[in-house]
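*Asks:* Contents of protein-v4.cif (mmCIF, C-alpha atoms) are below:
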```
data_my_file
#
loop_
_atom_site.group_PDB
_atom_site.id
_atom_site.type_symbol
_atom_site.label_atom_id
_atom_site.label_comp_id
_atom_site.auth_asym_id
_atom_site.auth_seq_id
_atom_site.Cartn_x
_atom_site.Cartn_y
_atom_site.Cartn_z
ATOM 1 C CA MET M 23 0.000 0.000 0.000
ATOM 2 C CA VAL M 24 2.881 2.357 0.800
ATOM 3 C CA LEU M 25 4.453 1.784 -2.592
ATOM 4 C CA VAL M 26 1.136 2.559 -4.321
ATOM 5 C CA ILE M 27 0.809 5.828 -2.384
ATOM 6 C CA ALA M 28 4.376 6.751 -3.269
ATOM 7 C CA LEU M 29 4.112 5.906 -6.956
ATOM 8 C CA VAL M 30 0.782 7.687 -7.469
ATOM 9 C CA HIS M 31 2.142 10.891 -5.988
ATOM 10 C CA LEU M 32 5.514 10.564 -7.711
ATOM 11 C CA VAL M 33 3.873 10.150 -11.123
ATOM 12 C CA LEU M 34 1.433 13.027 -10.538
ATOM 13 C CA GLY M 35 4.224 15.244 -9.225
ATOM 14 C CA VAL M 36 6.646 14.603 -12.082
ATOM 15 C CA LEU M 37 3.973 14.804 -14.781
ATOM 16 C CA GLY M 38 2.678 17.998 -13.194
ATOM 17 C CA PHE M 39 5.879 19.821 -14.066
ATOM 18 C CA PHE M 40 5.094 19.259 -17.750
ATOM 19 C CA PHE M 41 1.558 20.628 -17.417
ATOM 20 C CA LEU M 42 2.321 23.950 -15.781
ATOM 21 C CA PRO M 43 0.868 26.919 -17.714
ATOM 22 C CA GLU M 44 4.381 28.080 -18.577
ATOM 23 C CA ALA M 45 5.307 24.621 -19.950
ATOM 24 C CA ASN M 46 2.368 24.100 -22.307
ATOM 25 C CA GLN M 47 0.516 26.211 -24.811
ATOM 26 C CA THR M 48 -3.050 25.500 -23.672
ATOM 27 C CA GLY M 49 -2.768 27.356 -20.368
ATOM 28 C CA GLU M 50 -4.311 24.445 -18.445
ATOM 29 C CA ASN M 51 -2.621 23.414 -15.262
ATOM 30 C CA THR M 52 -4.007 19.953 -14.632
ATOM 31 C CA VAL M 53 -2.791 16.375 -14.873
ATOM 32 C CA TRP M 54 -5.849 14.393 -15.834
ATOM 33 C CA ILE M 55 -8.284 15.864 -13.246
ATOM 34 C CA PHE M 56 -5.768 16.929 -10.591
ATOM 35 C CA SER M 57 -4.259 20.392 -10.145
ATOM 36 C CA ALA M 58 -0.684 20.888 -11.255
ATOM 37 C CA THR M 59 0.864 23.911 -9.587
ATOM 38 C CA GLY M 60 4.547 24.262 -8.859
ATOM 39 C CA MET M 61 4.131 23.951 -5.097
ATOM 40 C CA LEU M 62 1.785 20.975 -5.347
ATOM 41 C CA ASN M 63 4.117 19.213 -7.796
ATOM 42 C CA VAL M 64 7.035 19.637 -5.403
ATOM 43 C CA ILE M 65 4.965 18.264 -2.495
ATOM 44 C CA ARG M 66 3.770 15.279 -4.519
ATOM 45 C CA THR M 67 7.218 14.504 -5.895
ATOM 46 C CA LEU M 68 8.769 14.749 -2.430
ATOM 47 C CA ILE M 69 6.118 12.453 -0.916
ATOM 48 C CA GLY M 70 6.677 9.990 -3.777
ATOM 49 C CA VAL M 71 10.455 9.938 -3.422
ATOM 50 C CA LEU M 72 10.260 9.595 0.372
ATOM 51 C CA GLY M 73 7.795 6.728 -0.046
ATOM 52 C CA VAL M 74 10.048 4.849 -2.457
ATOM 53 C CA VAL M 75 12.970 5.329 -0.060
ATOM 54 C CA ALA M 76 10.800 4.122 2.847
ATOM 55 C CA VAL M 77 9.834 0.983 0.925
ATOM 56 C CA LEU M 78 13.514 0.283 0.269
ATOM 57 C CA LYS M 79 14.244 0.802 3.989
ATOM 58 C CA PRO M 80 11.427 -1.031 5.820
ATOM 59 C CA ALA M 81 12.283 0.527 9.184
ATOM 60 C CA ALA M 82 11.202 3.904 7.756
ATOM 61 C CA ILE M 83 7.758 2.802 6.550
ATOM 62 C CA TYR M 84 6.057 3.343 9.915
ATOM 63 C CA GLY M 85 7.309 6.945 10.184
ATOM 64 C CA TYR M 86 6.445 7.615 6.556
ATOM 65 C CA CYS M 87 2.859 6.425 7.077
ATOM 66 C CA TRP M 88 2.298 8.729 10.024
ATOM 67 C CA MET M 89 4.008 11.677 8.321
ATOM 68 C CA VAL M 90 1.805 11.227 5.231
ATOM 69 C CA PHE M 91 -1.310 10.831 7.364
ATOM 70 C CA VAL M 92 -0.714 14.097 9.238
ATOM 71 C CA ALA M 93 0.463 16.037 6.173
ATOM 72 C CA PHE M 94 -2.383 14.945 3.925
ATOM 73 C CA ALA M 95 -5.025 15.362 6.618
ATOM 74 C CA GLY M 96 -3.842 18.977 6.818
ATOM 75 C CA LEU M 97 -3.803 19.322 3.037
ATOM 76 C CA THR M 98 -7.318 17.911 2.892
ATOM 77 C CA ALA M 99 -8.596 20.394 5.464
ATOM 78 C CA PHE M 100 -6.854 23.280 3.698
ATOM 79 C CA GLY M 101 -8.050 22.063 0.300
ATOM 80 C CA VAL M 102 -11.693 21.851 1.344
ATOM 81 C CA LEU M 103 -11.532 25.432 2.590
ATOM 82 C CA SER M 104 -9.635 26.511 -0.518
ATOM 83 C CA ALA M 105 -12.006 24.830 -2.965
ATOM 84 C CA ALA M 106 -15.094 26.057 -1.108
ATOM 85 C CA THR M 107 -13.989 29.675 -1.392
ATOM 86 C CA SER M 108 -12.608 31.181 -4.557
ATOM 87 C CA SER M 109 -9.410 32.971 -3.685
ATOM 88 C CA ALA M 110 -7.441 34.517 -6.521
ATOM 89 C CA GLY M 111 -4.241 34.508 -4.442
ATOM 90 C CA ASP M 112 -4.268 30.776 -3.708
ATOM 91 C CA ALA M 113 -0.814 29.471 -4.654
ATOM 92 C CA VAL M 114 -1.781 25.798 -4.389
ATOM 93 C CA ASN M 115 -5.087 25.993 -6.310
ATOM 94 C CA PHE M 116 -6.705 22.772 -5.030
ATOM 95 C CA ASN M 117 -9.777 21.365 -6.715
ATOM 96 C CA TRP M 118 -12.219 18.743 -5.437
ATOM 97 C CA ALA M 119 -10.358 15.887 -7.167
ATOM 98 C CA ASP M 120 -7.239 16.895 -5.223
ATOM 99 C CA ASN M 121 -9.225 16.931 -1.990
ATOM 100 C CA VAL M 122 -10.529 13.411 -2.601
ATOM 101 C CA LEU M 123 -7.032 12.185 -3.512
ATOM 102 C CA HIS M 124 -5.544 13.773 -0.397
ATOM 103 C CA ALA M 125 -8.281 12.373 1.861
ATOM 104 C CA LEU M 126 -7.830 8.866 0.412
ATOM 105 C CA THR M 127 -4.051 9.171 0.737
ATOM 106 C CA SER M 128 -4.363 10.245 4.364
ATOM 107 C CA LEU M 129 -6.781 7.410 5.152
ATOM 108 C CA SER M 130 -4.609 4.833 3.344
ATOM 109 C CA ALA M 131 -1.516 5.953 5.235
ATOM 110 C CA LEU M 132 -3.400 5.757 8.535
ATOM 111 C CA ILE M 133 -4.579 2.219 7.771
ATOM 112 C CA ALA M 134 -1.085 1.160 6.703
ATOM 113 C CA GLY M 135 0.397 2.653 9.880
ATOM 114 C CA ILE M 136 -2.127 0.853 12.084
ATOM 115 C CA VAL M 137 -1.606 -2.459 10.272
ATOM 116 C CA LEU M 138 2.157 -2.121 10.728
ATOM 117 C CA VAL M 139 1.721 -1.623 14.470
ATOM 118 C CA ARG M 140 -0.584 -4.619 14.878
ATOM 119 C CA ARG M 141 1.300 -7.035 12.619
ATOM 120 C CA PRO M 142 4.529 -7.221 14.687
ATOM 121 C CA SER M 143 2.594 -7.718 17.930
ATOM 122 C CA ARG M 144 0.772 -10.710 16.427
ATOM 123 C CA GLU M 145 4.036 -12.173 15.177
ATOM 124 C CA ARG M 146 5.649 -11.761 18.609
ATOM 125 C CA THR M 147 2.784 -13.513 20.378
ATOM 126 C CA GLY M 148 2.915 -16.314 17.821
ATOM 127 C CA ARG M 149 6.651 -16.810 18.400
ATOM 128 C CA ARG M 150 6.242 -16.906 22.160
ATOM 129 C CA ALA M 151 3.657 -19.629 21.835
ATOM 130 C CA ASP M 152 6.078 -21.677 19.712
ATOM 131 C CA VAL M 153 8.891 -21.399 22.266
#
```
Could you quickly redo this structure as structure tokens?
*Replies:*
Amino acid sequence: MVLVIALVHLVLGVLGFFFLPEANQTGENTVWIFSATGMLNVIRTLIGVLGVVAVLKPAAIYGYCWMVFVAFAGLTAFGVLSAATSSAGDAVNFNWADNVLHALTSLSALIAGIVLVRRPSRERTGRRADV
């Protein structure tokens, strides 16, 4: 699940740099249905790279899950407020598709973090019973 979170955000982040208004002629700043602003692309790319590194270093997965949960819960809250009000000075420019993606990412990271906490405790109890 962590690798899926990382790859989705890495792909959206990297592709987003090609869809900035300055990079294309159409003036649209979306990747499929998601916003593609410079700040959002950096955040997504960073989350993707950190996730891939965490998958390669399993000891870091637990921290990554909780960091993503907190960060994306905040982004979701900010995005709902941002999308509900039209602010011309909004540097991130969230839309509702971004809010859904961020909420699902936050929830997925929370579930992965909880599963990681419970899995080792079950394995430890199983080993003690074998001894």
*Asks:* For the PyMOL selection byres ((chain M and resi 99) around 12), applied here, can you spell out every residue it catches as a list of chain:residue names?
*Replies:*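 When the PyMOL selection byres ((chain M and resi 99) around 12) is applied to the shown file, the picked residues are M:Val92, M:Ala93, M:Phe94, M:Ala95, M:Gly96, M:Leu97, M:Thr98, M:Phe100, M:Gly101, M:Val102, M:Leu103, M:Ser104, M:Ala105, M:Ala106, M:Phe116, M:Trp118, M:Asp120, M:Asn121, M:Val122, M:His124, M:Ala125, M:Ser128.
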*Asks:* Tell me which protein, DNA and RNA residues are within 10 Å of M:Ile133, counting only C-alpha atoms, leaving out same-chain ones fewer than 5 positions away, and put them as number ranges by chain.
*Replies:* M: 23, 87-88, 91, 127-128, 138-139
*Asks:* Mind writing the picked residues with C-alpha atoms as an mmCIF file, in the frame of the given file?
*Replies:*
```
data_model
loop_
_atom_site.group_PDB
_atom_site.id
_atom_site.type_symbol
_atom_site.label_atom_id
_atom_site.label_comp_id
_atom_site.auth_asym_id
_atom_site.auth_seq_id
_atom_site.Cartn_x
_atom_site.Cartn_y
_atom_site.Cartn_z
ATOM 1 C CA MET M 23 0.000 0.000 0.000
ATOM 2 C CA CYS M 87 2.859 6.425 7.077
ATOM 3 C CA TRP M 88 2.298 8.729 10.024
ATOM 4 C CA PHE M 91 -1.310 10.831 7.364
ATOM 5 C CA THR M 127 -4.051 9.171 0.737
ATOM 6 C CA SER M 128 -4.363 10.245 4.364
ATOM 7 C CA LEU M 138 2.157 -2.121 10.728
ATOM 8 C CA VAL M 139 1.721 -1.623 14.470
#
```
*Asks:* On this structure, the PyMOL selection byres ((chain M and resi 60) around 8) would catch which residues? List them as a compact mmCIF listing (two decimals) with C-alpha atoms, in the frame of the given file, sorted by chain and number.
*Replies:*
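Result file follows (expr-v2.txt):
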```
# COMPACT_ATOMS: atom_id res chain seq x y z
CA GLY M 38 2.68 18.00 -13.19
CA PHE M 39 5.88 19.82 -14.07
CA LEU M 42 2.32 23.95 -15.78
CA ALA M 58 -0.68 20.89 -11.26
CA THR M 59 0.86 23.91 -9.59
CA MET M 61 4.13 23.95 -5.10
CA LEU M 62 1.78 20.98 -5.35
CA ASN M 63 4.12 19.21 -7.80
CA VAL M 64 7.04 19.64 -5.40
CA VAL M 114 -1.78 25.80 -4.39
```
*Asks:* Of the candidates M:Leu68, M:Phe41, M:Leu32, M:Ile136, which shows the shortest atom-to-atom distance to M:Ile55, using only C-alpha atoms?
*Replies:*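 Ranking M:Leu68, M:Phe41, M:Leu32, M:Ile136 by distance to M:Ile55, first place goes to M:Phe41.
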*Asks:* Have a look at M:Ile27, M:Ile65, M:Ala119, M:Leu78 and name the one nearest to M:Ala131; count all atoms listed in the file.
*Replies:*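 Smallest distance to M:Ala131 is found for M:Ile27.
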*Asks:* Using atom CA of M:Val137 and atom CA of M:Ile83 as the two end points, give the distance in Å to one decimal.
*Replies:*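 Computed distance, atom CA of M:Val137 to atom CA of M:Ile83, equals 11.4 Å.
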*Asks:* In Å, with one decimal, what is the gap from atom CA of M:Leu29 to atom CA of M:Val75?
*Replies:*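 Result for atom CA of M:Leu29 versus atom CA of M:Val75: 11.2 Å, one decimal.
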*Asks:* Restricting the calculation to only C-alpha atoms: of M:Ala82, M:Val53, M:Leu25, M:Leu72, which residue gets closest to M:Phe40?
*Replies:*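 Checking each of M:Ala82, M:Val53, M:Leu25, M:Leu72 against M:Phe40, counting only C-alpha atoms, the winner is M:Val53.
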